[in-house]
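Listing of query16.txt, compact mmCIF, C-alpha atoms
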```
# COMPACT_ATOMS: atom_id res chain seq x y z
CA MET M 1 51.90 -91.91 -72.61
CA THR M 2 51.26 -94.65 -70.06
CA LEU M 3 52.55 -93.92 -66.58
CA ARG M 4 55.30 -96.19 -65.26
CA ALA M 5 56.57 -96.41 -61.69
CA THR M 6 59.74 -98.01 -60.34
CA SER M 7 60.57 -98.07 -56.63
CA ARG M 8 64.07 -98.23 -55.16
CA ASP M 9 65.62 -97.72 -51.74
CA ALA M 10 67.92 -94.83 -50.86
CA GLY M 11 68.77 -95.59 -47.27
CA PRO M 12 65.59 -95.23 -45.21
CA VAL M 13 63.84 -93.43 -48.05
CA THR M 14 61.86 -95.06 -50.83
CA VAL M 15 62.34 -93.29 -54.13
CA VAL M 16 59.70 -93.85 -56.78
CA ASP M 17 60.71 -92.93 -60.32
CA PHE M 18 57.66 -92.04 -62.41
CA SER M 19 57.57 -91.52 -66.16
CA GLY M 20 54.60 -90.61 -68.32
CA ARG M 21 51.39 -88.71 -67.60
CA ILE M 22 49.51 -88.67 -64.31
CA THR M 23 45.98 -88.14 -65.54
CA LEU M 24 42.45 -89.38 -64.95
CA GLY M 25 42.30 -93.15 -65.36
CA ASP M 26 45.31 -95.46 -65.38
CA GLY M 27 47.87 -92.79 -64.44
CA SER M 28 46.07 -91.62 -61.33
CA ALA M 29 45.20 -95.21 -60.42
CA LEU M 30 48.85 -96.31 -60.62
CA LEU M 31 49.96 -93.42 -58.41
CA ARG M 32 47.26 -94.30 -55.88
CA LYS M 33 48.16 -98.01 -55.91
CA THR M 34 51.89 -97.34 -55.64
CA LEU M 35 51.46 -95.16 -52.56
CA ARG M 36 48.93 -97.52 -50.99
CA ASP M 37 51.30 -100.49 -51.46
CA LEU M 38 54.20 -98.57 -49.91
CA LEU M 39 52.12 -97.61 -46.89
CA GLU M 40 51.00 -101.22 -46.45
CA GLU M 41 54.70 -102.13 -46.34
CA ARG M 42 55.10 -99.44 -43.66
CA ARG M 43 57.30 -97.34 -45.88
CA THR M 44 56.48 -93.79 -44.88
CA ARG M 45 59.50 -91.85 -46.13
CA ILE M 46 58.66 -91.45 -49.78
CA LEU M 47 60.31 -89.37 -52.47
CA LEU M 48 58.46 -89.14 -55.77
CA ASN M 49 60.82 -88.48 -58.67
CA LEU M 50 58.69 -86.71 -61.29
CA GLY M 51 61.58 -85.87 -63.61
CA ASP M 52 59.99 -87.79 -66.49
CA VAL M 53 56.43 -86.65 -65.79
CA ASP M 54 55.59 -83.77 -68.09
CA TYR M 55 51.83 -83.74 -67.65
CA ILE M 56 49.50 -83.87 -64.66
CA ASP M 57 45.80 -82.98 -64.73
CA SER M 58 43.48 -82.15 -61.84
CA SER M 59 42.90 -85.85 -61.19
CA GLY M 60 46.65 -86.41 -60.86
CA ILE M 61 46.96 -83.40 -58.59
CA GLY M 62 44.19 -84.83 -56.45
CA GLU M 63 46.06 -88.13 -56.13
CA LEU M 64 49.26 -86.35 -55.16
CA VAL M 65 47.43 -84.42 -52.44
CA SER M 66 45.63 -87.56 -51.28
CA GLY M 67 48.96 -89.40 -51.07
CA TYR M 68 50.57 -86.52 -49.21
CA THR M 69 47.78 -86.56 -46.61
CA SER M 70 47.80 -90.36 -46.24
CA VAL M 71 51.55 -90.48 -45.67
CA LYS M 72 51.42 -87.58 -43.24
CA ASN M 73 48.60 -89.26 -41.30
CA ARG M 74 50.88 -92.28 -40.83
CA GLY M 75 53.56 -90.04 -39.37
CA GLY M 76 55.64 -90.08 -42.54
CA GLU M 77 56.70 -87.64 -45.22
CA LEU M 78 56.06 -87.50 -48.95
CA LYS M 79 58.31 -85.21 -50.96
CA LEU M 80 58.73 -84.37 -54.64
CA LEU M 81 61.88 -84.45 -56.75
CA ASN M 82 62.82 -83.03 -60.17
CA LEU M 83 59.67 -81.27 -61.31
CA THR M 84 59.40 -80.53 -65.01
CA LYS M 85 58.49 -76.95 -65.90
CA LYS M 86 54.85 -77.74 -66.62
CA VAL M 87 54.39 -79.62 -63.35
CA HIS M 88 56.28 -76.93 -61.44
CA ASP M 89 54.05 -74.22 -62.94
CA LEU M 90 50.93 -76.25 -62.18
CA LEU M 91 51.90 -76.60 -58.51
CA GLN M 92 52.68 -72.88 -58.41
CA ILE M 93 49.32 -71.69 -59.69
CA THR M 94 47.41 -74.14 -57.48
CA LYS M 95 49.48 -72.98 -54.46
CA LEU M 96 50.53 -76.58 -53.81
CA TYR M 97 54.16 -75.59 -54.16
CA THR M 98 53.76 -74.20 -50.65
CA VAL M 99 52.41 -77.55 -49.41
CA PHE M 100 54.89 -80.00 -50.89
CA ASP M 101 58.57 -80.12 -50.04
CA VAL M 102 60.11 -79.96 -53.51
CA HIS M 103 63.74 -80.80 -54.32
CA SER M 104 65.94 -80.77 -57.38
CA ASP M 105 68.82 -82.79 -55.94
CA GLU M 106 68.16 -86.38 -54.93
CA HIS M 107 70.96 -86.65 -52.40
CA ALA M 108 69.84 -83.49 -50.61
CA ALA M 109 66.23 -84.64 -50.80
CA VAL M 110 67.04 -87.98 -49.15
CA LEU M 111 69.02 -86.26 -46.40
CA SER M 112 66.09 -83.89 -45.72
CA PHE M 113 63.88 -86.69 -44.35
CA ARG M 114 63.71 -86.80 -40.57
CA MET S 1 28.75 -68.22 -89.04
CA THR S 2 30.96 -66.41 -91.53
CA PRO S 3 32.46 -68.18 -94.54
CA GLU S 4 35.83 -68.17 -92.76
CA SER S 5 34.60 -69.79 -89.56
CA LYS S 6 34.67 -73.49 -88.83
CA HIS S 7 32.51 -75.65 -86.60
CA LEU S 8 33.19 -79.16 -85.36
CA GLU S 9 31.20 -81.21 -82.90
CA VAL S 10 31.28 -84.69 -81.47
CA THR S 11 29.09 -86.66 -79.10
CA LEU S 12 31.14 -88.52 -76.54
CA GLU S 13 30.33 -91.44 -74.31
CA THR S 14 30.58 -90.90 -70.56
CA GLN S 15 33.81 -92.80 -70.11
CA VAL S 16 37.42 -92.01 -69.24
CA GLU S 17 38.60 -92.53 -72.81
CA SER S 18 36.47 -89.59 -73.94
CA VAL S 19 38.74 -87.24 -71.99
CA ASN S 20 41.77 -88.20 -74.06
CA LEU S 21 39.77 -88.21 -77.28
CA ALA S 22 38.46 -84.70 -76.67
CA GLU S 23 41.92 -83.42 -75.77
CA GLU S 24 43.48 -84.92 -78.90
CA MET S 25 40.77 -83.55 -81.15
CA CYS S 26 41.05 -80.02 -79.81
CA LEU S 27 44.83 -80.14 -79.88
CA ARG S 28 44.75 -80.91 -83.59
CA VAL S 29 42.48 -77.95 -84.19
CA ALA S 30 44.62 -75.67 -82.02
CA GLU S 31 47.85 -76.69 -83.73
CA ALA S 32 46.33 -76.19 -87.16
CA ALA S 33 45.03 -72.78 -86.08
CA GLY S 34 48.58 -71.69 -85.32
CA PHE S 35 48.73 -71.87 -81.53
CA GLY S 36 52.21 -72.48 -80.12
CA GLU S 37 53.22 -75.36 -77.86
CA ASP S 38 52.47 -73.60 -74.58
CA GLU S 39 49.06 -72.39 -75.69
CA CYS S 40 48.21 -75.83 -77.08
CA TYR S 41 49.10 -77.29 -73.68
CA ARG S 42 46.75 -74.83 -71.96
CA ILE S 43 43.94 -75.48 -74.42
CA GLY S 44 44.41 -79.25 -74.18
CA MET S 45 44.44 -79.14 -70.38
CA SER S 46 41.29 -76.99 -70.34
CA VAL S 47 39.46 -79.38 -72.64
CA ARG S 48 40.53 -82.30 -70.42
CA GLU S 49 39.23 -80.52 -67.35
CA GLY S 50 35.97 -79.57 -69.07
CA VAL S 51 35.29 -83.14 -70.12
CA ILE S 52 36.39 -84.54 -66.75
CA ASN S 53 33.90 -82.14 -65.17
CA ALA S 54 31.13 -83.38 -67.48
CA PHE S 55 32.13 -87.03 -66.98
CA HIS S 56 32.41 -86.96 -63.21
CA TYR S 57 30.33 -84.11 -61.80
CA GLY S 58 27.79 -83.54 -64.58
CA ASN S 59 26.97 -87.04 -65.76
CA GLN S 60 28.00 -88.72 -62.48
CA GLU S 61 29.97 -91.26 -64.59
CA ARG S 62 26.67 -92.71 -65.84
CA PRO S 63 27.22 -94.47 -69.20
CA ASP S 64 23.66 -93.77 -70.36
CA LYS S 65 24.45 -90.06 -70.51
CA LYS S 66 26.38 -88.22 -73.23
CA ILE S 67 28.92 -85.43 -73.38
CA TYR S 68 28.67 -82.95 -76.25
CA LEU S 69 31.85 -81.24 -77.37
CA ALA S 70 31.89 -78.47 -79.94
CA VAL S 71 34.72 -76.34 -81.30
CA ASP S 72 34.22 -73.07 -83.14
CA LEU S 73 37.13 -71.50 -84.92
CA THR S 74 36.68 -67.94 -86.13
CA GLN S 75 39.18 -65.42 -87.42
CA ASP S 76 39.99 -64.17 -83.96
CA LYS S 77 39.46 -67.03 -81.50
CA MET S 78 38.90 -70.69 -80.81
CA THR S 79 35.86 -71.43 -78.67
CA ILE S 80 35.13 -74.76 -77.01
CA HIS S 81 31.77 -75.89 -75.64
CA VAL S 82 31.38 -78.88 -73.31
CA VAL S 83 27.80 -79.85 -72.50
CA ASP S 84 26.75 -82.55 -70.06
CA GLU S 85 23.43 -84.15 -69.15
CA GLY S 86 23.60 -83.47 -65.43
CA ARG S 87 21.74 -80.96 -63.30
CA GLY S 88 23.94 -77.96 -64.01
CA PHE S 89 25.75 -75.84 -61.48
CA ASN S 90 26.42 -72.25 -60.54
CA LEU S 91 29.99 -70.99 -60.70
CA ARG S 92 29.39 -69.04 -57.48
CA ASP S 93 28.90 -72.33 -55.65
CA VAL S 94 32.30 -73.72 -56.65
CA PRO S 95 34.77 -73.54 -53.72
CA ASP S 96 37.98 -71.60 -54.23
CA PRO S 97 40.76 -74.23 -54.42
CA LEU S 98 43.33 -71.61 -53.38
CA ALA S 99 41.60 -70.93 -50.07
CA GLU S 100 43.68 -72.16 -47.14
CA GLU S 101 40.98 -74.60 -46.03
CA ASN S 102 40.78 -76.15 -49.53
CA LEU S 103 44.47 -76.49 -50.36
CA LEU S 104 44.51 -80.15 -49.33
CA SER S 105 41.25 -80.99 -51.04
CA THR S 106 41.65 -83.91 -53.44
CA SER S 107 39.27 -82.38 -56.00
CA GLY S 108 37.83 -79.10 -57.19
CA ARG S 109 40.68 -77.66 -59.26
CA GLY S 110 39.31 -78.24 -62.76
CA ILE S 111 37.26 -75.04 -63.00
CA PHE S 112 40.18 -73.06 -61.62
CA LEU S 113 42.55 -74.47 -64.24
CA MET S 114 40.17 -73.73 -67.11
CA ARG S 115 39.77 -70.16 -65.88
CA ALA S 116 43.52 -69.78 -65.53
CA PHE S 117 44.43 -71.24 -68.90
CA MET S 118 41.76 -69.74 -71.18
CA ASP S 119 41.06 -66.12 -72.12
CA GLU S 120 37.32 -66.39 -71.60
CA PHE S 121 35.41 -68.85 -69.44
CA ASP S 122 31.78 -69.22 -68.42
CA VAL S 123 29.23 -71.84 -67.43
CA VAL S 124 25.64 -71.55 -68.60
CA ALA S 125 22.58 -73.78 -68.65
CA GLY S 126 23.00 -76.20 -71.53
CA ARG S 127 20.32 -77.28 -74.00
CA THR S 128 20.25 -80.67 -72.28
CA GLY S 129 19.41 -79.16 -68.91
CA GLY S 130 22.94 -79.78 -67.72
CA ALA S 131 25.89 -77.44 -67.62
CA GLU S 132 27.52 -75.94 -70.69
CA ILE S 133 31.10 -74.83 -70.27
CA ILE S 134 32.11 -72.19 -72.81
CA MET S 135 35.76 -71.22 -73.03
CA SER S 136 37.81 -69.47 -75.65
CA LYS S 137 41.35 -68.52 -76.54
CA LYS S 138 42.33 -65.69 -78.85
CA LEU S 139 44.17 -66.82 -81.95
CA PRO S 140 47.83 -65.88 -82.02
CA ALA S 141 48.93 -63.08 -84.27
CA GLY S 142 49.54 -64.61 -87.67
CA GLY S 143 47.38 -67.62 -86.84
CA SER S 144 44.54 -68.47 -89.12
CA SER S 145 41.38 -70.46 -89.35
CA SER S 146 42.50 -71.81 -92.69
CA PRO S 147 40.63 -74.62 -94.38
CA ASN S 148 43.30 -76.96 -93.05
CA GLY S 149 42.32 -75.97 -89.54
CA LEU S 150 39.53 -78.49 -89.31
CA GLY S 151 40.38 -80.67 -92.22
CA GLY S 152 37.59 -79.38 -94.42
CA GLY S 153 37.45 -77.34 -97.57
CA GLY S 154 36.31 -73.73 -97.52
CA GLY S 155 33.28 -72.66 -95.59
CA GLN S 156 31.68 -74.47 -92.69
CA SER S 157 32.70 -78.02 -91.93
CA ALA S 158 31.05 -80.24 -89.40
CA ALA S 159 31.66 -83.72 -88.15
CA ARG S 160 29.65 -85.80 -85.76
CA ARG S 161 30.94 -88.89 -84.10
CA HIS S 162 28.99 -91.08 -81.76
CA GLY S 163 30.86 -93.00 -79.13
CA SER S 164 34.56 -93.35 -78.78
```
Here is a file; write its structure as structure tokens.
Amino acid sequence: MTLRATSRDAGPVTVVDFSGRITLGDGSALLRKTLRDLLEERRTRILLNLGDVDYIDSSGIGELVSGYTSVKNRGGELKLLNLTKKVHDLLQITKLYTVFDVHSDEHAAVLSFR
Amino acid sequence: MTPESKHLEVTLETQVESVNLAEEMCLRVAEAAGFGEDECYRIGMSVREGVINAFHYGNQERPDKKIYLAVDLTQDKMTIHVVDEGRGFNLRDVPDPLAEENLLSTSGRGIFLMRAFMDEFDVVAGRTGGAEIIMSKKLPAGGSSSPNGLGGGGGQSAARRHGS
């Protein structure tokens, strides 16, 4: 399933709704481009809604980590919202659940940004 | 190879599309062998990671090199082989992605995922001089390597496909 991304504003936070698979190739490339474009627009409070993403491979994980580091290096924050069970379990076993700030409520997630 | 066992192999191009092709092929075999949804997910992910490893690290994304994928289905397990044409590698040299200093690494989780998701996992020197990943999953109770498992009749079936 091709990955799709739609950005919207929630106050000072940019929410990106993803749907599909974040895997080697087009999926990872779209995630990378989306985050790069946001950073070029100086948007550094980013919430990735992964509620419709049911599959991420190691390439997708790598892009998430790369994005997290890039945003953090710009003084911003990248957080995750609405993980599906498979993605949640994947972040658990790779210990990345301890790295990312993960939320299940969008309103609370938006308020959590500094 | 016993009369009940099945063997399938394909030769894949070193390109991104081969990752999806390999995953889909192995998923069909796994589903037909009786694996449930969760186990199919783990097998599919492991095949993806094995072929990504061959594509990126083994063959260095060089289109003149091939990736060899083989699936063996016996009465008790499904075994997958992924062979590349690279220089090979030693598992002991692969960094631990769970180590604190590697948590923010953007790569290096494929081997870990294959180990986590499969029952058996090893890397040996392949016939091509590159690495051969061998990983297997025990068949579920009640599963079978029926003739439908690989689309053939009784006995050994084999298919070879060049390119993707």
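Between chain M and the candidates S:Lys66, S:Arg127, S:Arg109, S:Arg87, the tightest atom-to-atom separation, counting only C-alpha atoms, involves S:Arg109.
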**OP:** Can you pull out every residue within 12 Å of Asp26 in chain M, counting all atoms listed in the file, but drop anything in the same chain fewer than 2 positions away, and send it as a ChimeraX atom specification?
**Re:** /M:1-5,20-24,28-34,59-60,63 /S:16-17,20
Original post:
Any idea what's packed within 8 Å of range 45-57 of chain M, counting all atoms listed in the file, ignoring anything in its chain fewer than 4 positions away? Could you give it as a ChimeraX atom specification?
Top reply: /M:12-24,61,76-87,109-110,113 /S:45,48-49
Original post:
By how many Å are CA of Glu31 in chain S and CA of Arg115 in chain S apart?
Top reply: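 Between CA of Glu31 in chain S and CA of Arg115 in chain S the gap works out to 20.7 Å.
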Using all atoms of range 61-73 of chain S listed in the file and a margin of 6 Å per side, can you give the axis-aligned box centre and edge lengths in Å to one decimal, as JSON?
```
{"center_x": 30.4, "center_y": -83.0, "center_z": -74.8, "size_x": 25.5, "size_y": 35.0, "size_z": 32.3}
```
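For the choices M:Leu111, M:Val65, M:Val71, M:Leu38, the atom-to-atom distance to chain S is smallest for M:Val65 when using only C-alpha atoms.
Near chain M, counting only C-alpha atoms at 6 Å, the chain S residues are S:Thr106, S:Ser107, S:Arg109, S:Gly110.
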Subject >> Straight-line distance linking CA of Leu69 in chain S with CA of Leu98 in chain S, stated in Å to one decimal >> reply: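 That distance, rounded to one decimal, is 28.3 Å.
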Original post:
Could you work out how far CA of Lys72 in chain M lies from CA of Asp101 in chain M, giving the answer in Å with one decimal?
Top reply: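 Between CA of Asp101 in chain M and CA of Lys72 in chain M the gap is 12.4 Å.
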**OP:** Point out the residue among M:Ser104, M:Ser7, M:Ser70, M:Ser112 with the least atom-to-atom distance to Leu104 in chain S, counting all atoms listed in the file.
**Re:**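 Smallest distance to Leu104 in chain S is found for M:Ser70.
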**OP:** Find the residue from S:Ala131, S:Leu12, S:Leu139, S:Val123 that sits nearest to Ala70 in chain S; use only C-alpha atoms when measuring.
**Re:**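 Between S:Ala131, S:Leu12, S:Leu139, S:Val123, the residue approaching Ala70 in chain S most closely is S:Leu12.
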Any chance you could model N, CA and C atoms for range 12-36 of chain M and send them as a short mmCIF file (atom, residue, chain, number, x, y, z; two decimals), in the coordinates of the input?
```cif
data_model
loop_
_atom_site.label_atom_id
_atom_site.label_comp_id
_atom_site.auth_asym_id
_atom_site.auth_seq_id
_atom_site.Cartn_x
_atom_site.Cartn_y
_atom_site.Cartn_z
N PRO M 12 66.92 -95.03 -45.79
CA PRO M 12 65.59 -95.23 -45.21
C PRO M 12 64.46 -94.68 -46.07
N VAL M 13 64.84 -94.08 -47.19
CA VAL M 13 63.84 -93.43 -48.05
C VAL M 13 63.53 -94.31 -49.26
N THR M 14 62.25 -94.38 -49.60
CA THR M 14 61.86 -95.06 -50.83
C THR M 14 61.69 -94.02 -51.93
N VAL M 15 62.46 -94.20 -52.99
CA VAL M 15 62.34 -93.29 -54.13
C VAL M 15 61.51 -93.98 -55.21
N VAL M 16 60.51 -93.30 -55.69
CA VAL M 16 59.70 -93.85 -56.78
C VAL M 16 59.92 -93.00 -58.02
N ASP M 17 60.46 -93.63 -59.05
CA ASP M 17 60.71 -92.93 -60.32
C ASP M 17 59.48 -93.10 -61.21
N PHE M 18 58.83 -92.00 -61.52
CA PHE M 18 57.66 -92.04 -62.41
C PHE M 18 58.05 -91.52 -63.80
N SER M 19 57.43 -92.09 -64.82
CA SER M 19 57.57 -91.52 -66.16
C SER M 19 56.24 -91.66 -66.88
N GLY M 20 55.87 -90.60 -67.60
CA GLY M 20 54.60 -90.61 -68.32
C GLY M 20 53.69 -89.50 -67.83
N ARG M 21 52.40 -89.71 -67.97
CA ARG M 21 51.39 -88.71 -67.60
C ARG M 21 50.59 -89.20 -66.41
N ILE M 22 50.37 -88.32 -65.45
CA ILE M 22 49.51 -88.67 -64.31
C ILE M 22 48.17 -87.98 -64.54
N THR M 23 47.27 -88.71 -65.15
CA THR M 23 45.98 -88.14 -65.54
C THR M 23 44.85 -89.08 -65.14
N LEU M 24 43.63 -88.59 -65.29
CA LEU M 24 42.45 -89.38 -64.95
C LEU M 24 42.54 -90.77 -65.60
N GLY M 25 42.27 -91.79 -64.83
CA GLY M 25 42.30 -93.15 -65.36
C GLY M 25 43.51 -93.90 -64.85
N ASP M 26 44.21 -94.56 -65.77
CA ASP M 26 45.31 -95.46 -65.38
C ASP M 26 46.44 -94.74 -64.64
N GLY M 27 46.77 -93.52 -65.07
CA GLY M 27 47.87 -92.79 -64.44
C GLY M 27 47.59 -92.50 -62.98
N SER M 28 46.44 -91.92 -62.71
CA SER M 28 46.07 -91.62 -61.33
C SER M 28 45.95 -92.90 -60.51
N ALA M 29 45.39 -93.94 -61.14
CA ALA M 29 45.20 -95.21 -60.42
C ALA M 29 46.55 -95.82 -60.04
N LEU M 30 47.54 -95.73 -60.94
CA LEU M 30 48.85 -96.31 -60.62
C LEU M 30 49.52 -95.53 -59.48
N LEU M 31 49.41 -94.22 -59.51
CA LEU M 31 49.96 -93.42 -58.41
C LEU M 31 49.31 -93.81 -57.08
N ARG M 32 47.99 -93.94 -57.10
CA ARG M 32 47.26 -94.30 -55.88
C ARG M 32 47.70 -95.67 -55.37
N LYS M 33 47.78 -96.65 -56.29
CA LYS M 33 48.16 -98.01 -55.91
C LYS M 33 49.60 -98.06 -55.38
N THR M 34 50.48 -97.34 -56.05
CA THR M 34 51.89 -97.34 -55.64
C THR M 34 52.03 -96.83 -54.21
N LEU M 35 51.36 -95.73 -53.91
CA LEU M 35 51.46 -95.16 -52.56
C LEU M 35 50.77 -96.06 -51.53
N ARG M 36 49.65 -96.63 -51.91
CA ARG M 36 48.93 -97.52 -50.99
C ARG M 36 49.80 -98.74 -50.66
#
```
